Amino acid sequence: MSADVLAAFAGSLLAALDPSLLLPLQGVVGTVADPIFGALTWVLEQWYWLMDWVYYFTRLEMLNPRYRFMHRAVLVGLCIGVMAPLIGTFLVHRQLALIGDALAHTAFAGVAVGLFLNAVIDLGVSPYLTAVVVAMIAALFIELISEVTDAYNDVSMAIVLSTGFALGTTLISLNAGGLAVGVNQFLFGNLATVSPRSAAILLVLFAVVVGTVTLTRNQLLYVTFDETAAAVSGIPVNWYNRITVMLTAMVVVGAMQIMGVILVAAMLVVPVAGATQVSRSFSESLVVSVVLAELAVLLGIGGASAGGFIVLAAVGIYVCAVALGKLQSIRGDQVTPDMGSIDTDTDASAGAGDD
Amino acid sequence: MSSSETDSGTAVDTNEQPPGATGRGERGGDHVVDVDDVTFGYTATPVVEDVSLTVESGEYVAVVGPNGSGKSTLMQLLLGLLRPDSGTARLFGERANRFDDGERIGYVAQNADAGKEMPITVREVVKMGRFAHIGFGRIGDDDQSLVDALRDAPLGTSRDVLDAVFGRLSASDWAAVDDALETVGMSAFADRRITKLSGGQRQRAFIARALASEADLLVLDEPTVGVDAESVDAFYDLLAALNDEGITVVLIEHDLGAVVEHADRVVCLNREVYFDGPTDEFVESDALARAFGTEARLLTGGS
């Protein structure tokens with residue numbers, strides 16, 4: 001390690017010890033973040049206006065204009081209903097269904113880091129932001145452990161999950177008392193915690209996740225379906241694996257607000273599992289999983305414990321999807337078409353004869 | 001598909017391109033595959049040792065050997081998926097691990113490795129063969145760069161630009177997919193879920209994926225494992241027909257009968273190369289017994 005790096009490391013340690021040294025950093029972050037937050041606040045205002053109209057027509061009490069936090073919770077829920085199954089589809093078919101759980105536990109550590117920094121040095125940072133950072137670092141560690149040690153993915157997930165939760169509980173115990181009281185909302189989710197700032201963070205995460213998946217869906221699909229063939233075709237598989245886990249970290253932190261650490265993984269997995277039962281193609285399964293997730297969110301978000309209700313609704317929908325899938329396979333045993341003949345004459349018209 | 005023809009099973013001097021070649025075999029170095037004195041081991045003990053192997057354009061080469069002989073490792077080395085401890089592996093004249101012209105290679109894995117339980121159709125699988133042709137890097141039918149295309153047409157006015165940005169297949173990409181499906185006789189199954197197909201049908205779909213990418217080289221790793229006998233015959237017929245079209249075939253195979261029947265050349269491997277030559281000579285040689293370490297004999301004929 002060079003002397004410069006050591007000096008920088010020592011400097012950052014000093015900064016950690018002396019909160020006043022971090023004030024300029026806060027200023028820089030504020031300069032960049034304020035205009036973005038301003039724009040997102042405008043988006044939120046438009047959403048409130050839309051929700052007021054929905055209330056006007058439906059008279060649903062939870063959408064009463066007095067309950068702005070519910071309006072934000074619905075927005076967050078709908079965003080989660082899109083981005084969780086979107087990334088979950090790639091995870092489930094790579095047999096990484098439990099990675100969401102591992103990252104949720106490390107996101108909990110991130111929340112603890114945020115609360116710890118706020119309590120000790122009065123940093124004033126949203127715990128969701130520190131959760132995003134810590135979960136993304138943990139996501140990279142999961143990939144790194146698998147790549148370096150050739151361990152199975154579930155081994156690296158178990159290591160990161162335990163480490164994250166251990167770090168979280170340790171930080172909380174260091175700040176025993178008041179800090180622990182506020183942790184329950186992150187463990188189990190709470191609609192009332194969806195502040196304008198956390199809703200804005202979610203909107204940013206939503207844009208990043210949906211945008212990235214839209215632009216890289218072909219590569220993600222190829223890597224998911226056949227990693228070796230994807231590598232042979234020139235796709236940098238390791239990079240796409242890293243992108244996948246980092247997007248997962250973003251989704252987990254976004255969903256944690258209303259689902260909580262304990263239940264967040266369900267939104268990545270259950271709607272996708274249901275969609276797999278009834279879909280005929282991959283693109284169809286993406287759309288169906290989003291529809292099922294949105295349905296679960298809308299059915300469950302009015303419940304006393306929104307996270308629990310949403311997951312129960314999702315599981316109920318999954319059971320219906322399994323039944324529908326079985327029905328489809330019984331009714332849909334189509335006549336098997338004849339195999340076409342092998343036709344290597346490129347100028348020939350379609351060969352449709354039997355083998 | 002492109003149409004550079006070579007005589008079936010005839011080694012071609014790739015310094016001189018076949019007349020009329022439009023895609024296959026027109027770029028790159030002297031050999032399609034050039035493995036030179038390669039040694040590789042996952043631990044201190046090498047899995048392949050001092051292996052040299054050259055494959056010319058248009059050849060049909062089978063690599064055989066007992067279990068654990070290093071066949072699949074050799075395949076990964078020649079595809080650039082592993083880096084040799086010593087020696088060099090080249091694809092089309094470039095270092096295999098730096099080769100970035102992935103659409104020139106079609107890879108077909110064992111049946112057991114592919115498909116899983118994804119809800120994915122045959123057409124979606126074959127479409128993957130076009131992914132190396134689309135995306136940020138390339139655009140349109142003539143591989144124009146995206147930067148050039150943006151310069152020529154402002155964003156939003158060119159469908160090709162939008163296709164490239166969002167990774168959508170163009171009409172010519174879809175035509176290549178349909179051609180590939182037709183070639184392997186799977187057009188009627190295009191919208192079927194791949195997990196609902198038989199082993200032989202699946203492998204045809206994977207061949208179609210390689211064809212859709214307009215691959216010059218087809219590398220197959222024990223492709224007929226778990227495939228019924230009738231489908232195996234049809235599968236090898238397909239490989240032979242594609243080889244007749246000029247596609248170079250490298251087949252890692254455990255079924256010696258199939259190898260003897262179909263391949264032009266055999267490489268017998270058990271950590272090191274025991275035999276490399278025409279199939280007829282392999283049948284007559286004692287390489288099989290030496291490589292397999294038993295009194296192994298080939299039972300051939302009849303078909």
# chains A, B, ... in the order shown; residues from 1 in each chain; ligands from 1
$ interface_residues --of "chain B" --to "chain A" --cutoff "6 Å" --atoms "only C-alpha atoms" --output "JSON, numbers by chain"
{"B": [100, 102, 103, 107, 119, 120, 121, 166, 183, 184, 185, 186]}
$ select_by_dssp --residues "region 96-286 of chain B" --states "strand (DSSP E or B)" --output "PyMOL selection string"
chain B and resi 105-108+121+138-139+144-145+193+217-221+248-252+265-270+272-278
$ closest_residue --among "B:Met75, B:Ala212, B:Ala132, B:Cys268" --to "Asp101 (chain B)" --atoms "only C-alpha atoms"
B:Ala132
$ residues_around --residues "Leu299 (chain A)" --least-positions-apart "6" --cutoff "9 Å" --atoms "only C-alpha atoms" --output "list of chain:residue names"
A:Phe309, A:Ile310, A:Ala313, A:Ala314
$ residues_around --residues "region 50-64 of chain A" --least-positions-apart "3" --cutoff "12 Å" --atoms "only C-alpha atoms" --output "list in words"
Val43, Leu44, Glu45, Gln46, Trp47, Tyr67, Arg68, Phe69, Met70, His71, Arg72, Ala73, Val74, Leu75, Leu191, Leu298, Ile301, Gly302, Gly303 and Ala304 of chain A
$ select_by_dssp --residues "region 68-284 of chain B" --states "helix (DSSP H, G or I)" --output "PyMOL selection string"
chain B and resi 71-78+96-98+102-104+111-113+122-133+146-152+159-166+171-183+187-189+194-196+199-212+229-244+256-262+279-284
$ residues_around --residues "Ala180 (chain B)" --least-positions-apart "2" --cutoff "9 Å" --atoms "only C-alpha atoms" --output "PyMOL selection string"
chain B and resi 1+126+175-178+182-187+205+207-214
$ residues_around --residues "Ile145 (chain A)" --least-positions-apart "6" --cutoff "10 Å" --atoms "only C-alpha atoms" --output "PyMOL selection string"
chain A and resi 151-153+155-157+159-160
$ closest_residue --among "A:Val322, A:Ala296, A:Ala207, A:Ile201" --to "Gly274 (chain A)" --atoms "only C-alpha atoms"
A:Val322
$ residues_around --residues "Ala158 (chain A)" --least-positions-apart "5" --cutoff "12 Å" --atoms "only C-alpha atoms" --output "compact mmCIF listing (two decimals) with N, CA and C atoms, in the first residue's frame"
# COMPACT_ATOMS: atom_id res chain seq x y z
N LEU A 96 -31.01 -17.97 -7.35
CA LEU A 96 -30.49 -17.03 -6.36
C LEU A 96 -31.65 -16.39 -5.60
N LEU A 98 -32.69 -16.56 -2.69
CA LEU A 98 -32.49 -16.10 -1.32
C LEU A 98 -31.47 -14.97 -1.19
N ILE A 99 -30.97 -14.50 -2.32
CA ILE A 99 -29.99 -13.41 -2.24
C ILE A 99 -30.65 -12.14 -1.68
N GLY A 100 -31.94 -11.99 -1.95
CA GLY A 100 -32.66 -10.84 -1.42
C GLY A 100 -32.64 -10.83 0.10
N ASP A 101 -32.80 -12.02 0.67
CA ASP A 101 -32.77 -12.14 2.12
C ASP A 101 -31.40 -11.74 2.67
N ALA A 102 -30.35 -12.24 2.00
CA ALA A 102 -28.98 -11.92 2.45
C ALA A 102 -28.74 -10.41 2.39
N LEU A 103 -29.16 -9.81 1.29
CA LEU A 103 -28.92 -8.37 1.13
C LEU A 103 -29.80 -7.54 2.07
N HIS A 105 -30.54 -8.36 5.07
CA HIS A 105 -29.87 -8.36 6.38
C HIS A 105 -28.66 -7.43 6.39
N THR A 106 -27.97 -7.34 5.26
CA THR A 106 -26.85 -6.39 5.22
C THR A 106 -27.38 -4.96 5.12
N ALA A 138 -22.05 -5.15 0.05
CA ALA A 138 -22.27 -6.56 0.41
C ALA A 138 -22.57 -7.40 -0.83
N PHE A 141 -19.50 -8.21 -2.45
CA PHE A 141 -18.77 -9.22 -1.67
C PHE A 141 -19.31 -10.62 -1.96
N ILE A 142 -20.63 -10.74 -2.13
CA ILE A 142 -21.20 -12.06 -2.44
C ILE A 142 -20.59 -12.58 -3.75
N ILE A 145 -16.74 -13.35 -3.20
CA ILE A 145 -16.48 -14.61 -2.48
C ILE A 145 -16.68 -15.79 -3.42
N SER A 146 -17.75 -15.74 -4.22
CA SER A 146 -18.02 -16.84 -5.15
C SER A 146 -16.92 -16.95 -6.20
N ALA A 151 -16.73 -20.93 -4.15
CA ALA A 151 -17.77 -21.46 -3.25
C ALA A 151 -19.11 -21.39 -3.97
N TYR A 152 -20.04 -22.23 -3.52
CA TYR A 152 -21.40 -22.14 -4.04
C TYR A 152 -21.96 -20.77 -3.64
N ASN A 153 -22.90 -20.27 -4.45
CA ASN A 153 -23.47 -18.96 -4.16
C ASN A 153 -24.15 -18.91 -2.80
N THR A 163 -22.80 -11.88 8.49
CA THR A 163 -21.94 -10.74 8.80
C THR A 163 -22.75 -9.46 8.90
N GLY A 164 -23.68 -9.28 7.96
CA GLY A 164 -24.50 -8.08 7.95
C GLY A 164 -25.33 -7.95 9.22
N PHE A 165 -25.97 -9.04 9.58
CA PHE A 165 -26.83 -8.97 10.75
C PHE A 165 -26.00 -8.78 12.02
